[in-house]
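*Asks:* Encoded as structure tokens, here's the structure I'll be asking about.
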Amino acid sequence: MTEQEQFALLESVSENTTIFDAYEKAFAVLEDDRARTVCASVSGGADSDLIVDMVTKIRPDAKFVWFNTSMEYEATERHLGYLENRYGIKIERVRANYPVPLAVKKFGYPFLAKMVSEYISRLQRHNFDWSDRPYEELLTDFPNCKSSLKWWCNEKGENSRFGIDRWKYLKEFMIENPPTFPISAGCCKGAKKDTAHDFQKSQKANLIVTGERKSEGGARAGTSSCFTGAYDNGSAVFRPIFWLKDSDKEEYERIFDIRHSECYWGYGLRRTGCVGCPFGRNWEHEIEVAKQYEPRLYRACTSVFAPSYEYTRAYWKFRKHKEAEAKGYEQLSLFD
């Protein structure tokens, strides 16, 4: 991009300082001589659309890749074709090392959240008895899962993100209803992270571009920078829209006429990704949408994640009952 074109682009976003700053940073990072091979991850989601728009303006020679976990909307795949036609790019489709159904069988089922699933998985590997005993006593019986026992016993204090109490009544639920199926966060690693790592290595990419935004919360909220790693060891990761809030994102969409996947304007979804993933906040809604618009995916979700769905529903029912008891009610109302 010439200096004149760069100036014109910055001028078009000058009224929004967050977008302006994002582009200034993007120019500095993507045009750096050390960024020899740029690989941009495309999910087909709304944030990803901004990444495609931004990267194609600055580094049209970048490689674009979409990782197929096998639990993807057909609407997402159609949207990839739209992006290719609009921007004149090629988005490489890469099948997961472990498609979700295989990853679940190999590693275990997702339950509630990644950190929760990881701790439960470690306890399961040591044949934990799901008892409510002091930490020191449990450590004697299970000496090789110290961090997980600390989570189970809330050794980090009340409401710590490293304690089970962050999920209200989860400990009581699991004592009464020990899991009868393997639980793990390994599904994401097998279907996404390892696949992405292997692809980036095969392409010798030394700068990875992703569409993470800090305001989305979760693990992203713990990251403090839009750029991490280093070029020389091939681990540099750049998040161009990291600081954009929802209002900034909407302004970007207006300025550059961004059109999202049918998942948003047709299905009414607010996110895309692995359909019906039990880690998602709205998986119940997602599978109902899939049932209406993509029944094949609905059947896949209800088959692949069945034990997790059943256990999760049982937990929320247990939690509502306990909360009602705590308020002095003998039973839930009909509406509850």
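Ligands are numbered from 1 in the order shown, chains are lettered A, B, ... in the order of the structure tokens, and residues start at 1 in each chain.
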Using only C-alpha atoms, which residues sit within 8 Å of range 2-15 of chain A once same-chain residues fewer than 3 positions away are excluded, as a PDB file with N, CA and C atoms, in the first residue's frame?
*Replies:*
ATOM      1  N   ILE A  19     -10.522   2.714  16.306  1.00  0.00           N
ATOM      2  CA  ILE A  19     -10.291   2.092  14.996  1.00  0.00           C
ATOM      3  C   ILE A  19      -9.040   2.685  14.360  1.00  0.00           C
ATOM      4  N   PHE A  20      -8.875   3.992  14.492  1.00  0.00           N
ATOM      5  CA  PHE A  20      -7.692   4.670  13.946  1.00  0.00           C
ATOM      6  C   PHE A  20      -6.415   4.072  14.546  1.00  0.00           C
ATOM      7  N   TYR A  23      -5.670   0.579  13.231  1.00  0.00           N
ATOM      8  CA  TYR A  23      -5.073   0.565  11.900  1.00  0.00           C
ATOM      9  C   TYR A  23      -3.619   1.020  11.928  1.00  0.00           C
ATOM     10  N   GLU A  24      -3.322   2.014  12.745  1.00  0.00           N
ATOM     11  CA  GLU A  24      -1.926   2.456  12.855  1.00  0.00           C
ATOM     12  C   GLU A  24      -1.041   1.311  13.342  1.00  0.00           C
ATOM     13  N   ILE A 255     -18.540   1.751   8.270  1.00  0.00           N
ATOM     14  CA  ILE A 255     -17.578   2.456   7.424  1.00  0.00           C
ATOM     15  C   ILE A 255     -17.180   1.608   6.216  1.00  0.00           C
TER      16      ILE A 255
END
*Asks:* Could you go through range 109-220 of chain A and tell me which residues DSSP, when run on the backbone, assigns to alpha helix (DSSP H), listing them as a PyMOL selection string?
*Replies:* chain A and resi 114-125+135-141+146-153+170-176+186-188+194-203
*Asks:* Go ahead and save the picked residues with N, CA and C atoms, as a short mmCIF file (atom, residue, chain, number, x, y, z; two decimals), in the first residue's frame.
*Replies:*
data_model
loop_
_atom_site.label_atom_id
_atom_site.label_comp_id
_atom_site.auth_asym_id
_atom_site.auth_seq_id
_atom_site.Cartn_x
_atom_site.Cartn_y
_atom_site.Cartn_z
N LYS A 114 -13.78 -24.44 30.18
CA LYS A 114 -12.51 -25.14 29.95
C LYS A 114 -11.76 -25.42 31.25
N MET A 115 -11.68 -24.40 32.12
CA MET A 115 -10.93 -24.60 33.36
C MET A 115 -11.60 -25.63 34.25
N VAL A 116 -12.92 -25.58 34.35
CA VAL A 116 -13.67 -26.55 35.14
C VAL A 116 -13.41 -27.96 34.62
N SER A 117 -13.51 -28.11 33.30
CA SER A 117 -13.31 -29.43 32.69
C SER A 117 -11.89 -29.94 32.89
N GLU A 118 -10.91 -29.04 32.84
CA GLU A 118 -9.52 -29.46 33.02
C GLU A 118 -9.29 -29.98 34.44
N TYR A 119 -9.82 -29.28 35.43
CA TYR A 119 -9.64 -29.74 36.81
C TYR A 119 -10.35 -31.06 37.06
N ILE A 120 -11.58 -31.19 36.55
CA ILE A 120 -12.32 -32.43 36.73
C ILE A 120 -11.59 -33.59 36.06
N SER A 121 -11.04 -33.32 34.87
CA SER A 121 -10.31 -34.35 34.14
C SER A 121 -9.13 -34.87 34.95
N ARG A 122 -8.40 -33.96 35.56
CA ARG A 122 -7.24 -34.38 36.37
C ARG A 122 -7.68 -35.23 37.55
N LEU A 123 -8.78 -34.83 38.18
CA LEU A 123 -9.29 -35.61 39.32
C LEU A 123 -9.74 -37.00 38.86
N GLN A 124 -10.40 -37.05 37.72
CA GLN A 124 -10.86 -38.35 37.21
C GLN A 124 -9.68 -39.28 36.92
N ARG A 125 -8.60 -38.73 36.40
CA ARG A 125 -7.43 -39.56 36.07
C ARG A 125 -6.82 -40.21 37.31
N TYR A 135 -8.56 -30.40 52.61
CA TYR A 135 -7.52 -30.48 51.58
C TYR A 135 -6.36 -31.37 52.01
N GLU A 136 -5.88 -31.20 53.25
CA GLU A 136 -4.73 -31.96 53.73
C GLU A 136 -5.02 -33.46 53.73
N GLU A 137 -6.24 -33.81 54.09
CA GLU A 137 -6.62 -35.22 54.12
C GLU A 137 -6.70 -35.80 52.71
N LEU A 138 -7.30 -35.04 51.81
CA LEU A 138 -7.41 -35.50 50.42
C LEU A 138 -6.03 -35.62 49.77
N LEU A 139 -5.14 -34.70 50.11
CA LEU A 139 -3.80 -34.71 49.52
C LEU A 139 -3.04 -35.97 49.91
N THR A 140 -3.33 -36.49 51.10
CA THR A 140 -2.69 -37.73 51.53
C THR A 140 -3.12 -38.90 50.65
N ASP A 141 -4.40 -38.91 50.29
CA ASP A 141 -4.94 -40.00 49.46
C ASP A 141 -4.67 -39.81 47.98
N LYS A 146 -2.37 -32.09 43.15
CA LYS A 146 -2.40 -31.01 44.14
C LYS A 146 -3.24 -29.82 43.68
N SER A 147 -3.00 -29.32 42.44
CA SER A 147 -3.70 -28.12 41.98
C SER A 147 -5.20 -28.37 41.85
N SER A 148 -5.57 -29.56 41.40
CA SER A 148 -6.99 -29.88 41.24
C SER A 148 -7.68 -30.00 42.60
N LEU A 149 -6.97 -30.53 43.57
CA LEU A 149 -7.54 -30.62 44.92
C LEU A 149 -7.73 -29.23 45.52
N LYS A 150 -6.80 -28.34 45.22
CA LYS A 150 -6.95 -26.95 45.69
C LYS A 150 -8.19 -26.32 45.09
N TRP A 151 -8.44 -26.63 43.81
CA TRP A 151 -9.66 -26.13 43.15
C TRP A 151 -10.90 -26.72 43.84
N TRP A 152 -10.88 -28.01 44.09
CA TRP A 152 -12.02 -28.70 44.70
C TRP A 152 -12.30 -28.17 46.11
N CYS A 153 -11.24 -27.83 46.83
CA CYS A 153 -11.38 -27.39 48.23
C CYS A 153 -11.38 -25.87 48.39
N LEU A 170 -21.84 -26.27 42.58
CA LEU A 170 -21.29 -27.33 41.71
C LEU A 170 -20.68 -28.45 42.54
N LYS A 171 -19.97 -28.09 43.62
CA LYS A 171 -19.36 -29.13 44.46
C LYS A 171 -20.42 -30.03 45.08
N GLU A 172 -21.46 -29.41 45.60
CA GLU A 172 -22.54 -30.19 46.21
C GLU A 172 -23.19 -31.11 45.16
N PHE A 173 -23.36 -30.58 43.97
CA PHE A 173 -23.97 -31.36 42.89
C PHE A 173 -23.10 -32.57 42.54
N MET A 174 -21.79 -32.36 42.44
CA MET A 174 -20.91 -33.45 42.03
C MET A 174 -20.75 -34.49 43.13
N ILE A 175 -20.86 -34.07 44.39
CA ILE A 175 -20.80 -35.04 45.49
C ILE A 175 -22.01 -35.97 45.42
N GLU A 176 -23.16 -35.38 45.13
CA GLU A 176 -24.39 -36.18 45.03
C GLU A 176 -24.51 -36.91 43.69
N GLY A 186 -9.87 -31.21 26.41
CA GLY A 186 -8.99 -31.62 25.33
C GLY A 186 -9.60 -31.52 23.95
N CYS A 187 -10.91 -31.45 23.87
CA CYS A 187 -11.59 -31.37 22.58
C CYS A 187 -11.10 -30.16 21.79
N CYS A 188 -11.04 -28.99 22.44
CA CYS A 188 -10.58 -27.76 21.78
C CYS A 188 -9.14 -27.91 21.30
N ASP A 194 -4.07 -27.75 18.17
CA ASP A 194 -3.01 -28.57 17.56
C ASP A 194 -3.06 -28.50 16.04
N THR A 195 -4.27 -28.44 15.50
CA THR A 195 -4.43 -28.34 14.05
C THR A 195 -3.85 -27.04 13.54
N ALA A 196 -4.16 -25.95 14.26
CA ALA A 196 -3.64 -24.64 13.86
C ALA A 196 -2.12 -24.61 13.95
N HIS A 197 -1.59 -25.16 15.03
CA HIS A 197 -0.13 -25.18 15.21
C HIS A 197 0.56 -25.93 14.09
N ASP A 198 0.01 -27.08 13.73
CA ASP A 198 0.63 -27.89 12.67
C ASP A 198 0.58 -27.18 11.32
N PHE A 199 -0.54 -26.50 11.05
CA PHE A 199 -0.66 -25.77 9.78
C PHE A 199 0.33 -24.62 9.72
N GLN A 200 0.40 -23.86 10.80
CA GLN A 200 1.32 -22.71 10.84
C GLN A 200 2.76 -23.16 10.68
N LYS A 201 3.08 -24.28 11.26
CA LYS A 201 4.43 -24.82 11.14
C LYS A 201 4.71 -25.24 9.70
N SER A 202 3.72 -25.86 9.05
CA SER A 202 3.91 -26.31 7.66
C SER A 202 4.08 -25.13 6.71
N GLN A 203 3.46 -23.98 7.05
CA GLN A 203 3.55 -22.79 6.21
C GLN A 203 4.75 -21.91 6.58
#
*Asks:* For Phe64 in chain A, list every protein, DNA or RNA residue within 12 Å, evaluated using only C-alpha atoms, and leave out those in the same chain fewer than 2 positions away; present the list as a VMD selection string.
*Replies:* chain A and resid 37 to 44 48 to 49 51 to 53 55 to 56 59 to 62 66 to 67 80 83 to 84 87 to 94 196 199 to 200 203 205 208 to 210
*Asks:* State, in Å with one decimal place, the distance from CA of Val29 in chain A to CA of Gly211 in chain A.
*Replies:*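 About the pair CA of Val29 in chain A and CA of Gly211 in chain A: they are 14.9 Å apart.
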*Asks:* With distances taken over only C-alpha atoms, which of A:Tyr73, A:Phe256, A:Trp167, A:Tyr231 is nearest to Lys57 in chain A?
*Replies:*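 For Lys57 in chain A, the nearest of the candidates is A:Phe256.
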*Asks:* What is the CA of Lys156 in chain A to CA of Ala326 in chain A distance in Å?
*Replies:*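 Here the two named atoms are 24.5 Å from each other.
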*Asks:* So how many Å separate CA of Lys106 in chain A and CA of Thr69 in chain A, to one decimal?
*Replies:*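 Pair CA of Lys106 in chain A / CA of Thr69 in chain A returns 14.6 Å.
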*Asks:* Using DSSP on the backbone, list every residue of range 59-307 of chain A that comes out as strand (DSSP E), and give them as a list in words.
*Replies:*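 Answer for range 59-307 of chain A, restricted to strand (DSSP E): Lys63, Phe64, Val65, Trp66, Phe67, Asn68, Ile91, Glu92, Arg93, Val94, Arg95, Leu207, Ile208, Val209, Phe227, Thr228, Ala236, Val237 and Phe238 of chain A.
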*Asks:* With distances taken over only C-alpha atoms, which residue among A:Thr18, A:Ser308, A:Asn144, A:Asn127 lies nearest Pro240 in chain A?
*Replies:*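 Under the stated criterion, the closest residue is A:Thr18.
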*Asks:* Could you give me, as a ChimeraX atom specification, the residues within 7 Å of Val275 in chain A, counting only C-alpha atoms and dropping anything in the same chain fewer than 6 positions from it?
*Replies:* /A:71-72,286
*Asks:* Take the selection from the previous step and output its residues with C-alpha atoms, as a compact mmCIF listing (two decimals), in the first residue's frame.
*Replies:*
# COMPACT_ATOMS: atom_id res chain seq x y z
CA MET A 71 -19.24 -29.15 13.79
CA GLU A 72 -19.57 -26.07 11.58
CA GLU A 286 -27.75 -22.91 19.31
*Asks:* Which residue, A:Trp316, A:Cys226, A:Val104, A:Pro110, has the smallest gap to Lys168 in chain A when you use only C-alpha atoms?
*Replies:* A:Trp316
*Asks:* Select, from A:Glu323, A:Gly45, A:Arg259, A:Ser247, the residue with the minimum atom-to-atom distance to Glu77 in chain A, counting only C-alpha atoms.
*Replies:*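 Among A:Glu323, A:Gly45, A:Arg259, A:Ser247, it is A:Gly45 that comes nearest to Glu77 in chain A.
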